[in-house]
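**Student:** One file: entry-v5.cif (mmCIF, C-alpha atoms).
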data_model
loop_
_atom_site.label_atom_id
_atom_site.label_comp_id
_atom_site.auth_asym_id
_atom_site.auth_seq_id
_atom_site.Cartn_x
_atom_site.Cartn_y
_atom_site.Cartn_z
CA MET A 49 25.76 130.93 90.38
CA ARG A 50 28.98 129.05 90.66
CA SER A 51 30.08 126.06 92.61
CA LEU A 52 33.64 125.42 93.61
CA LEU A 53 34.85 121.90 93.18
CA SER A 54 37.50 119.60 94.54
CA THR A 55 38.75 116.66 92.52
CA SER A 56 35.55 114.62 92.62
CA SER A 57 32.66 116.62 94.00
CA ILE A 58 31.48 120.01 95.19
CA ASP A 59 33.05 121.17 98.42
CA ILE A 60 31.93 124.82 98.51
CA HIS A 61 28.85 126.55 97.12
CA ALA A 62 28.96 130.26 96.32
CA ALA A 63 26.67 132.89 94.84
CA GLN A 64 27.60 136.22 93.31
CA CYS A 65 25.84 139.36 94.54
CA LYS A 66 23.94 141.12 91.76
CA ASN A 67 24.83 144.55 93.24
CA CYS A 68 28.51 144.35 94.20
CA THR A 69 29.51 141.15 92.28
CA LYS A 70 31.34 139.78 95.35
CA TRP A 71 31.25 136.04 95.94
CA ARG A 72 29.48 134.80 99.06
CA VAL A 73 29.91 131.29 100.39
CA ILE A 74 26.55 129.59 100.85
CA ASP A 75 26.51 127.43 103.96
CA THR A 76 24.56 124.42 102.68
CA LYS A 77 23.76 122.71 99.40
CA GLU A 78 20.05 123.15 100.19
CA GLU A 79 20.46 126.94 100.56
CA PHE A 80 22.43 127.05 97.32
CA GLU A 81 19.71 125.11 95.47
CA GLU A 82 17.07 127.48 96.87
CA ILE A 83 19.03 130.51 95.59
CA ARG A 84 19.72 128.82 92.22
CA CYS A 85 16.09 127.81 91.58
CA LYS A 86 14.94 131.44 91.99
CA ALA A 87 17.89 133.14 90.30
CA PHE A 88 15.85 135.03 87.70
CA GLU A 89 12.94 136.14 89.89
CA GLU A 90 14.97 136.82 93.03
CA PRO A 91 18.65 137.44 92.20
CA PHE A 92 21.11 136.92 95.04
CA HIS A 93 22.15 139.98 97.08
CA CYS A 94 24.60 140.13 99.97
CA ILE A 95 21.86 141.21 102.37
CA LEU A 96 20.18 137.81 101.90
CA LYS A 97 23.05 136.26 103.84
CA ALA A 98 22.92 136.75 107.62
CA ASN A 99 25.20 139.49 108.96
CA CYS A 100 26.43 140.38 105.49
CA SER A 101 26.38 143.47 103.28
CA CYS A 102 28.01 144.68 100.08
CA ASP A 103 30.43 146.67 102.26
CA ASP A 104 31.97 143.46 103.63
CA PRO A 105 34.93 141.86 101.85
CA ALA A 106 34.16 138.92 99.54
CA ASP A 107 33.96 135.51 101.23
CA ILE A 108 35.98 133.92 98.44
CA GLU A 109 37.79 135.15 95.34
CA TYR A 110 37.50 133.68 91.87
CA ASP A 111 40.97 132.31 91.15
CA SER A 112 42.75 129.15 90.03
CA SER A 113 43.42 127.81 93.53
CA ARG A 114 40.51 125.43 92.90
CA THR A 115 38.34 124.45 89.94
CA TRP A 116 35.21 126.55 89.52
CA VAL A 117 32.05 125.67 87.61
CA ILE A 118 29.01 127.73 86.78
CA ASP A 119 25.67 126.08 87.37
CA LYS A 120 22.68 126.99 85.26
CA PRO A 121 20.23 129.34 87.00
CA ASN A 122 16.66 128.33 87.75
CA LEU A 123 17.26 124.58 87.88
CA PRO A 124 14.67 122.89 90.09
CA LYS A 125 15.59 122.05 93.66
CA THR A 126 16.33 118.39 94.18
CA PRO A 127 13.24 116.70 95.68
CA GLN A 128 13.38 116.01 99.40
CA GLY A 129 15.08 112.71 100.24
CA PHE A 130 17.08 112.71 97.01
CA ARG A 131 20.55 114.15 96.48
CA ARG A 132 22.10 115.69 93.35
CA SER A 133 25.68 114.60 92.81
CA LEU A 134 28.16 115.98 90.29
CA LEU A 135 31.36 114.10 89.49
CA PHE A 136 34.26 115.26 87.35
CA ARG A 137 35.41 113.05 84.55
CA LYS A 138 39.09 112.12 84.90
CA ASP A 139 40.16 114.70 82.32
CA TYR A 140 37.90 117.44 83.74
CA SER A 141 36.13 117.72 80.38
CA LYS A 142 32.70 117.54 81.99
CA LEU A 143 30.78 117.01 85.21
CA ASP A 144 28.46 114.04 85.16
CA PRO A 145 25.22 114.67 87.09
CA HIS A 146 23.67 111.84 89.09
CA CYS A 147 20.80 111.60 91.50
CA ILE A 148 21.12 109.57 94.67
CA SER A 149 17.78 108.13 95.80
CA PRO A 150 16.63 107.88 99.43
CA THR A 151 17.63 104.19 99.28
CA GLY A 152 21.15 105.09 98.08
CA LYS A 153 20.65 104.02 94.46
CA ARG A 154 22.57 106.13 91.91
CA LEU A 155 20.26 107.27 89.08
CA ARG A 156 21.86 108.69 85.94
CA THR A 157 18.93 109.50 83.61
CA ARG A 158 15.30 110.62 83.70
CA ASN A 159 14.31 107.12 82.53
CA GLU A 160 16.07 105.60 85.56
CA ILE A 161 14.30 108.18 87.77
CA ALA A 162 10.92 107.29 86.22
CA ALA A 163 11.51 103.57 86.82
CA TYR A 164 12.58 104.24 90.42
CA LEU A 165 9.51 106.41 91.09
CA LYS A 166 7.23 103.74 89.60
CA ASP A 167 8.76 101.10 91.90
CA HIS A 168 8.47 103.36 94.99
CA PRO A 169 4.86 104.51 95.50
CA GLU A 170 5.93 106.58 98.53
CA CYS A 171 7.41 109.00 95.93
CA LYS A 172 4.13 109.45 94.03
CA ALA A 173 4.18 113.27 94.44
CA ILE A 174 7.52 113.47 92.59
CA ALA A 175 7.88 113.60 88.79
CA PRO A 176 10.98 112.86 86.69
CA THR A 177 10.94 116.50 85.53
CA ASP A 178 11.59 117.56 89.15
CA PHE A 179 15.23 116.50 88.68
CA ALA A 180 18.06 118.49 87.07
CA PHE A 181 20.46 116.53 84.87
CA SER A 182 22.13 119.50 83.21
CA SER A 183 25.87 119.68 83.64
CA PRO A 184 27.47 122.88 84.99
CA LYS A 185 30.05 124.63 82.82
CA ILE A 186 33.63 124.05 83.94
CA MET A 187 35.64 127.27 84.00
CA GLN A 188 38.67 126.22 81.95
CA ASP A 189 40.94 128.94 83.38
CA THR A 190 40.65 127.36 86.85
CA ILE A 191 41.43 123.72 86.05
CA LEU A 192 44.48 122.61 88.00
CA GLU A 193 47.67 122.34 85.95
CA ASN A 194 48.36 118.71 86.90
CA VAL A 195 45.09 117.48 85.34
CA GLU A 196 45.65 115.79 82.00
CA GLN A 197 42.92 117.07 79.71
CA LYS A 198 41.61 115.45 76.57
CA ASP A 199 42.17 117.44 73.41
CA SER A 200 38.96 119.00 72.25
CA VAL A 201 37.45 117.94 68.94
CA SER A 202 38.11 121.41 67.48
CA ALA A 203 41.78 121.25 68.57
CA LYS A 204 42.13 117.85 66.87
CA LYS A 205 40.52 119.19 63.68
CA LYS A 206 42.83 122.23 63.68
CA ALA A 207 45.85 119.96 64.14
CA LYS A 208 44.69 117.73 61.25
CA ILE A 209 44.12 120.73 58.98
CA ALA A 210 47.56 122.14 59.83
CA LYS A 211 49.16 118.72 59.16
CA ASP A 212 47.34 118.42 55.81
CA ASP A 213 48.63 121.87 54.77
CA ILE A 214 52.26 120.71 55.11
#
Kindly present the structure from the file in structure tokens form.

**Tutor:**
Amino acid sequence: MRSLLSTSSIDIHAAQCKNCTKWRVIDTKEEFEEIRCKAFEEPFHCILKANCSCDDPADIEYDSSRTWVIDKPNLPKTPQGFRRSLLFRKDYSKLDPHCISPTGKRLRTRNEIAAYLKDHPECKAIAPTDFAFSSPKIMQDTILENVEQKDSVSAKKKAKIAKDDI
């Protein structure tokens, strides 16, 4: 499962067919979450998309015209009324996951979710474990060239070792 991202949030959701490996655009975030939460038991196939087959051309190609990320399979669907939000850090080093509550409050951790659920009895059927806070992997080969990236820790260590050898 991969999501395609603009500069600050997801603008296209896509799934790769297990049979033909072509990318199919998924119309809604809800459909994407449904596919993602069942990725192991029911892998995505082109025929699951209306009027689509493996014989059709891919909906979208993996390339560097936009930044791609790969989401972890089998993450739980976001509970109804809540919204999962992913925001790039300025240097594109990571996506920070947040949950937006039905009241519009941004929740960043399971502890914040637990406190919110405790304060809102109408959410009693929801547990903090129903939320996914894992961060998708950013595909480094698709990050736009004009984005200033932080040097990784390993790159800094290598540079220090090389400097010490001189």

**Student:** Hey, can you check how far CA of Val73 in chain A sits from CA of Ser112 in chain A?

**Tutor:** 16.6 Å

**Student:** I'd like to see the residues matched by the PyMOL selection byres ((chain A and resi 64) around 12) on this file, and ideally I'd get them as a count of residues only.

**Tutor:** 36

**Student:** Just so the selection is clear, what residues does the PyMOL selection byres ((chain A and resi 143) around 6) cover here, as an MDAnalysis selection string?

**Tutor:** chainID A and resid 134:136 142 144 183

**Student:** What does the PyMOL selection byres ((chain A and resi 124) around 7) select in this file, as a VMD selection string?

**Tutor:** chain A and resid 85 122 to 123 125 to 126 178 to 180

**Student:** So which residues fall inside 8 Å of (13.4, 108.6, 88.7) if we count only C-alpha atoms? Mind giving them as a compact mmCIF listing (two decimals) with C-alpha atoms, in the coordinates of the input?

**Tutor:**
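And here is the file that came out, selection21.txt:
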# COMPACT_ATOMS: atom_id res chain seq x y z
CA LEU A 155 20.26 107.27 89.08
CA THR A 157 18.93 109.50 83.61
CA ARG A 158 15.30 110.62 83.70
CA ASN A 159 14.31 107.12 82.53
CA GLU A 160 16.07 105.60 85.56
CA ILE A 161 14.30 108.18 87.77
CA ALA A 162 10.92 107.29 86.22
CA ALA A 163 11.51 103.57 86.82
CA TYR A 164 12.58 104.24 90.42
CA LEU A 165 9.51 106.41 91.09
CA LYS A 166 7.23 103.74 89.60
CA ALA A 175 7.88 113.60 88.79
CA PRO A 176 10.98 112.86 86.69

**Student:** Excluding Ile191 in chain A and any residue of its chain fewer than 2 positions from it, enumerate the residues within 9 Å of it, using only C-alpha atoms, and give them as a list in words.

**Tutor:**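 Close residues of Ile191 in chain A: Ser112, Ser113, Arg114, Thr115, Trp116, Tyr140, Ile186, Met187, Gln188, Asp189, Glu193, Asn194 and Val195 of chain A.
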
**Student:** Between CA of Phe130 in chain A and CA of Ala98 in chain A, what distance in Å does the model show, to one decimal?

**Tutor:**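 CA of Ala98 in chain A lies 26.9 Å from CA of Phe130 in chain A.
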
**Student:** In Å, rounded to a single decimal, give me how far CA of Glu81 in chain A is from CA of Ser101 in chain A.

**Tutor:**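 Rounded to one decimal, the two atoms are 21.0 Å apart.
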
**Student:** Take every atom of range 127-139 of chain A listed in the file, pad by 5 Å on each side, and give me the axis-aligned box centre and edge lengths in Å, one decimal, as AutoDock Vina command-line options.

**Tutor:**
--center_x 26.7 --center_y 114.4 --center_z 91.3 --size_x 36.9 --size_y 14.6 --size_z 27.9

**Student:** Counting only C-alpha atoms, which of A:Lys172, A:Gln128, A:Pro105, A:Lys138 gets nearest to Glu78 in chain A?

**Tutor:**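 Looking only at the distances to Glu78 in chain A, the closest residue turns out to be A:Gln128.
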